[in-house]
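Below is one structure; the comments refer to it alone.
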Amino acid sequence: MEADAVSALRELLSEIVDYAGLFPPAQLDMPAAVTEYAAHRASPERWMLARFVVPVARLAELAATAGARLPAAATGDPWRLSGLVGADAAADAAAIASFNAAHSGRAVVDAVELKAATPAEVERALSALPRGLTAYVELPLRADLEPLLAAVKAGGARAKLRTGGLAPEAIPAPADVARFMAACRAAGVPFKATAGLHHPLRAEQALTYAADSPRGVMHGFLNVFAAGALLRAGAPAAEAEALLREQRPGALRFHEAGFEWDGRQLPAAALAAGRDFAVGFGSCSFREPVAELRQMGLL
């Protein structure tokens, strides 16, 4: 792949993967997940890697396991963590503050993720969190999104979209994903995605790593984040939905001018601007996305 095309791809994929190896379908134990994350931080593809996702309730376990793997404070390169907040947001906020103080310069929880189903739940949870954390609120996909997103924005937070799961019925339709993304654009709320985005391009895949895994048509992360860039650039929701449905190998092209799909072009700067809106995704695997990008000739 030509250097300019790689540069355009980097605009779309830089620091895009929050590593979630503790969660299904990988569901590694803490030592294995820590080992994987440390290896990914040392890999040539580190530019795609962002935070380590961990329940706040397991922060002490992470600290005990990572130990000497955490960088020295003097390096200025701490492990960045995204903490999953439980039912007691205030208690988790205190745990985060304690962890950050104890590991200053070596590891930092600078983002949190939580769930809420009503505007009141959004407001209550966010009010318990300290300032300075980037908060993502997972919202019900088919709810009335306007008041929910208004509450998310009022709390200075971002939205979170679940794009898959361990069974076919857990995978939302492209129309529902496009509706969510368009609602976030209308509300001025950035979002991240989670679950079911191990693969670059939409395709039928096994949903777990078991030999007898169910199969389903999974969303592709290139589809989702290129669609986010299109929306950010002013495209209609119907165009984003069409891109979310794209399954043709080679249909999404990165070249010296930026990105091209079905006659629509975006310059590299628009890809970067799209990432301010469609921020990233959590994945229990980092190796799988990297390997499949290589197979497609994009790395």
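In the structure tokens, chains take letters A, B, ... by order of appearance, with residues numbered from 1 within each chain and ligands from 1 in the order shown.
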
Residues of region 217-292 of chain A that have any atom at most 9 Å from an atom of region 49-60 of chain A: could you tabulate them with the shortest-distance atom pair and the distance in Å to one decimal, using only C-alpha atoms, ordered by chain and increasing number, as a Markdown table?
```
| residue | atom | partner | partner_atom | distance |
| --- | --- | --- | --- | --- |
| A:Gly280 | CA | A:Ala50 | CA | 8.6 |
| A:Gly282 | CA | A:Val53 | CA | 7.7 |
| A:Phe286 | CA | A:Leu49 | CA | 7.9 |
```

>> Could you go through region 75-232 of chain A and tell me which residues DSSP, when run on the backbone, assigns to alpha helix (DSSP H), listing them as a PyMOL selection string?
In response: chain A and resi 89-102+119-127+145-154+174-187+221-232

>> For Trp79 (chain A), find every residue with an atom within 10 Å (counting only C-alpha atoms), except residues of its own chain fewer than 5 positions away, and show them as a count of residues only.
In response: 16

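Residue neighbourhood of Pro31 (chain A), excluding near-sequence residues (fewer than 3 positions): Val34, Thr35 and Thr65 of chain A, at 7 Å, using only C-alpha atoms.
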
Emit the selected residues as a short mmCIF file (atom, residue, chain, number, x, y, z; two decimals), in the first residue's frame, including C-alpha atoms.
```
data_model
loop_
_atom_site.label_atom_id
_atom_site.label_comp_id
_atom_site.auth_asym_id
_atom_site.auth_seq_id
_atom_site.Cartn_x
_atom_site.Cartn_y
_atom_site.Cartn_z
CA VAL A 34 -2.43 -7.58 30.69
CA THR A 35 0.16 -9.56 28.74
CA THR A 65 -1.17 -8.06 37.99
#
```

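Nearest to Glu113 (chain A) of all the residues A:Ala235, A:Ala151, A:Ala95, A:Ala135 is A:Ala135, based on only C-alpha atoms.
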
> Neighbours of His199 (chain A) within 7 Å (only C-alpha atoms; same-chain residues fewer than 4 positions away dropped), as a PyMOL selection string?
Replying inline: chain A and resi 220-221+289+292

>> Between CA of Ala8 (chain A) and CA of Phe281 (chain A), what is the distance in Å, rounded to a tenth?
In response: 18.8 Å

>> as a PyMOL selection string, please: the residues near Met48 (chain A) (cut-off 6 Å, only C-alpha atoms, same-chain neighbours under 4 positions excluded).
In response: chain A and resi 13-16

Restricting the output to N, CA, C and O atoms, write the selected residues as a CSV table (one decimal), in the first residue's frame.
```
chain,number,residue,atom,x,y,z
A,13,LEU,N,-8.1,5.4,11.6
A,13,LEU,CA,-7.9,4.4,12.6
A,13,LEU,C,-7.0,4.7,13.7
A,13,LEU,O,-6.7,3.8,14.6
A,14,SER,N,-6.4,5.9,13.8
A,14,SER,CA,-5.5,6.2,14.8
A,14,SER,C,-6.1,6.1,16.2
A,14,SER,O,-7.2,6.7,16.5
A,15,GLU,N,-5.5,5.3,17.1
A,15,GLU,CA,-6.0,5.1,18.5
A,15,GLU,C,-7.5,4.8,18.5
A,15,GLU,O,-8.2,5.3,19.4
A,16,ILE,N,-7.9,3.9,17.7
A,16,ILE,CA,-9.3,3.6,17.5
A,16,ILE,C,-9.8,2.4,18.4
A,16,ILE,O,-11.0,2.4,18.7
```

> In Å to one decimal, how far is CA of Pro172 (chain A) from CA of Arg215 (chain A)?
Replying inline: 14.2 Å

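Residue nearest Gly274 (chain A), chosen from A:Ala173, A:Leu12, A:Leu84, A:Val112 and counting only C-alpha atoms: A:Leu12.
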
Going by DSSP on the backbone, which bits of region 120-288 of chain A are strand (DSSP E or B)? Write them as a compact mmCIF listing (two decimals) with N, CA, C and O atoms, in the first residue's frame, please.
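Contents of part.txt, freshly written:
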```
# COMPACT_ATOMS: atom_id res chain seq x y z
N THR A 134 -13.52 11.50 30.76
CA THR A 134 -14.36 11.39 29.57
C THR A 134 -15.35 10.26 29.81
O THR A 134 -14.95 9.11 30.00
N ALA A 135 -16.63 10.59 29.84
CA ALA A 135 -17.67 9.60 30.17
C ALA A 135 -18.46 9.22 28.93
O ALA A 135 -18.88 10.09 28.15
N TYR A 136 -18.67 7.91 28.76
CA TYR A 136 -19.48 7.37 27.68
C TYR A 136 -20.69 6.68 28.30
O TYR A 136 -20.55 5.81 29.17
N VAL A 137 -21.88 7.04 27.83
CA VAL A 137 -23.12 6.48 28.37
C VAL A 137 -23.75 5.58 27.31
O VAL A 137 -24.14 6.05 26.23
N GLU A 138 -23.83 4.28 27.61
CA GLU A 138 -24.47 3.34 26.70
C GLU A 138 -25.98 3.51 26.79
O GLU A 138 -26.58 3.38 27.86
N ARG A 158 -20.43 11.62 26.47
CA ARG A 158 -20.55 11.10 25.11
C ARG A 158 -21.43 9.86 25.14
O ARG A 158 -21.70 9.30 26.20
N ALA A 159 -21.88 9.43 23.98
CA ALA A 159 -22.77 8.27 23.88
C ALA A 159 -21.97 7.01 23.57
O ALA A 159 -20.82 7.06 23.12
N LYS A 160 -22.61 5.89 23.80
CA LYS A 160 -22.00 4.59 23.51
C LYS A 160 -23.04 3.72 22.82
O LYS A 160 -24.20 3.66 23.24
N LEU A 161 -22.62 3.05 21.77
CA LEU A 161 -23.48 2.24 20.91
C LEU A 161 -23.03 0.80 20.94
O LEU A 161 -21.84 0.51 20.70
N ARG A 162 -23.95 -0.13 21.22
CA ARG A 162 -23.62 -1.55 21.19
C ARG A 162 -23.93 -2.09 19.80
O ARG A 162 -25.06 -2.07 19.35
N PHE A 191 -19.68 9.67 19.89
CA PHE A 191 -20.01 8.35 20.41
C PHE A 191 -18.85 7.38 20.18
O PHE A 191 -17.99 7.60 19.33
N LYS A 192 -18.87 6.31 20.96
CA LYS A 192 -18.01 5.17 20.71
C LYS A 192 -18.89 3.95 20.53
O LYS A 192 -20.08 3.97 20.90
N ALA A 193 -18.33 2.90 19.97
CA ALA A 193 -19.05 1.66 19.75
C ALA A 193 -18.42 0.55 20.57
O ALA A 193 -17.26 0.66 21.01
N THR A 194 -19.17 -0.50 20.79
CA THR A 194 -18.64 -1.65 21.50
C THR A 194 -19.31 -2.92 21.02
O THR A 194 -20.46 -2.89 20.58
N ALA A 203 -19.63 -8.64 7.13
CA ALA A 203 -19.64 -9.99 6.55
C ALA A 203 -20.24 -10.96 7.55
O ALA A 203 -20.32 -10.67 8.76
N GLU A 204 -20.64 -12.11 7.08
CA GLU A 204 -21.07 -13.19 7.98
C GLU A 204 -19.84 -13.77 8.65
O GLU A 204 -18.85 -14.12 8.00
N GLN A 205 -19.90 -13.89 9.98
CA GLN A 205 -18.77 -14.38 10.76
C GLN A 205 -19.27 -15.24 11.92
O GLN A 205 -20.44 -15.17 12.31
N ALA A 206 -18.36 -16.06 12.48
CA ALA A 206 -18.64 -16.72 13.76
C ALA A 206 -18.69 -15.65 14.84
O ALA A 206 -17.88 -14.73 14.85
N ARG A 215 -23.47 -18.06 13.99
CA ARG A 215 -22.94 -17.14 13.00
C ARG A 215 -23.95 -16.02 12.75
O ARG A 215 -25.16 -16.18 12.97
N GLY A 216 -23.45 -14.91 12.30
CA GLY A 216 -24.31 -13.78 11.97
C GLY A 216 -23.56 -12.80 11.11
O GLY A 216 -22.33 -12.86 11.00
N VAL A 217 -24.28 -11.89 10.50
CA VAL A 217 -23.66 -10.84 9.69
C VAL A 217 -23.26 -9.72 10.64
O VAL A 217 -24.11 -9.03 11.20
N MET A 218 -21.96 -9.54 10.80
CA MET A 218 -21.42 -8.57 11.76
C MET A 218 -21.07 -7.27 11.06
O MET A 218 -20.68 -7.25 9.89
N ARG A 253 -12.03 2.27 -0.34
CA ARG A 253 -10.68 2.46 -0.85
C ARG A 253 -10.01 3.65 -0.19
O ARG A 253 -10.61 4.71 -0.01
N PHE A 254 -8.73 3.45 0.15
CA PHE A 254 -7.90 4.52 0.71
C PHE A 254 -6.78 4.78 -0.28
O PHE A 254 -6.09 3.86 -0.71
N HIS A 255 -6.61 6.03 -0.65
CA HIS A 255 -5.60 6.36 -1.65
C HIS A 255 -5.06 7.76 -1.37
O HIS A 255 -5.36 8.34 -0.32
N GLY A 258 -7.41 10.40 -0.14
CA GLY A 258 -8.16 10.14 1.09
C GLY A 258 -8.94 8.84 1.02
O GLY A 258 -8.36 7.76 0.91
N PHE A 259 -10.26 8.96 1.02
CA PHE A 259 -11.14 7.79 1.08
C PHE A 259 -12.17 7.89 -0.05
O PHE A 259 -12.66 8.98 -0.36
N GLU A 260 -12.50 6.73 -0.63
CA GLU A 260 -13.51 6.69 -1.69
C GLU A 260 -14.40 5.48 -1.51
O GLU A 260 -13.94 4.37 -1.19
N TRP A 261 -15.67 5.69 -1.71
CA TRP A 261 -16.66 4.60 -1.69
C TRP A 261 -17.82 4.96 -2.60
O TRP A 261 -18.43 6.01 -2.44
N ARG A 264 -18.28 8.40 -3.80
CA ARG A 264 -18.19 9.47 -2.80
C ARG A 264 -16.76 9.51 -2.28
O ARG A 264 -16.18 8.48 -1.93
N GLN A 265 -16.18 10.71 -2.20
CA GLN A 265 -14.81 10.86 -1.74
C GLN A 265 -14.76 11.76 -0.52
O GLN A 265 -15.52 12.72 -0.40
N LEU A 266 -13.85 11.43 0.38
CA LEU A 266 -13.57 12.26 1.54
C LEU A 266 -12.07 12.46 1.63
O LEU A 266 -11.31 11.49 1.56
N ALA A 278 -17.15 10.05 15.64
CA ALA A 278 -17.16 8.59 15.87
C ALA A 278 -15.78 8.25 16.45
O ALA A 278 -14.81 8.11 15.72
N VAL A 279 -15.71 8.13 17.77
CA VAL A 279 -14.44 8.24 18.49
C VAL A 279 -13.60 6.96 18.45
O VAL A 279 -12.39 7.01 18.30
N GLY A 280 -14.21 5.81 18.62
CA GLY A 280 -13.45 4.56 18.69
C GLY A 280 -14.36 3.41 19.03
O GLY A 280 -15.59 3.56 19.11
N PHE A 281 -13.76 2.22 19.24
CA PHE A 281 -14.58 1.06 19.59
C PHE A 281 -13.81 0.14 20.52
O PHE A 281 -12.59 0.05 20.48
N GLY A 282 -14.57 -0.55 21.36
CA GLY A 282 -14.00 -1.56 22.23
C GLY A 282 -13.99 -2.91 21.55
O GLY A 282 -14.98 -3.29 20.91
N SER A 283 -12.89 -3.62 21.67
CA SER A 283 -12.76 -4.94 21.04
C SER A 283 -11.99 -5.87 21.96
O SER A 283 -10.95 -5.47 22.50
```
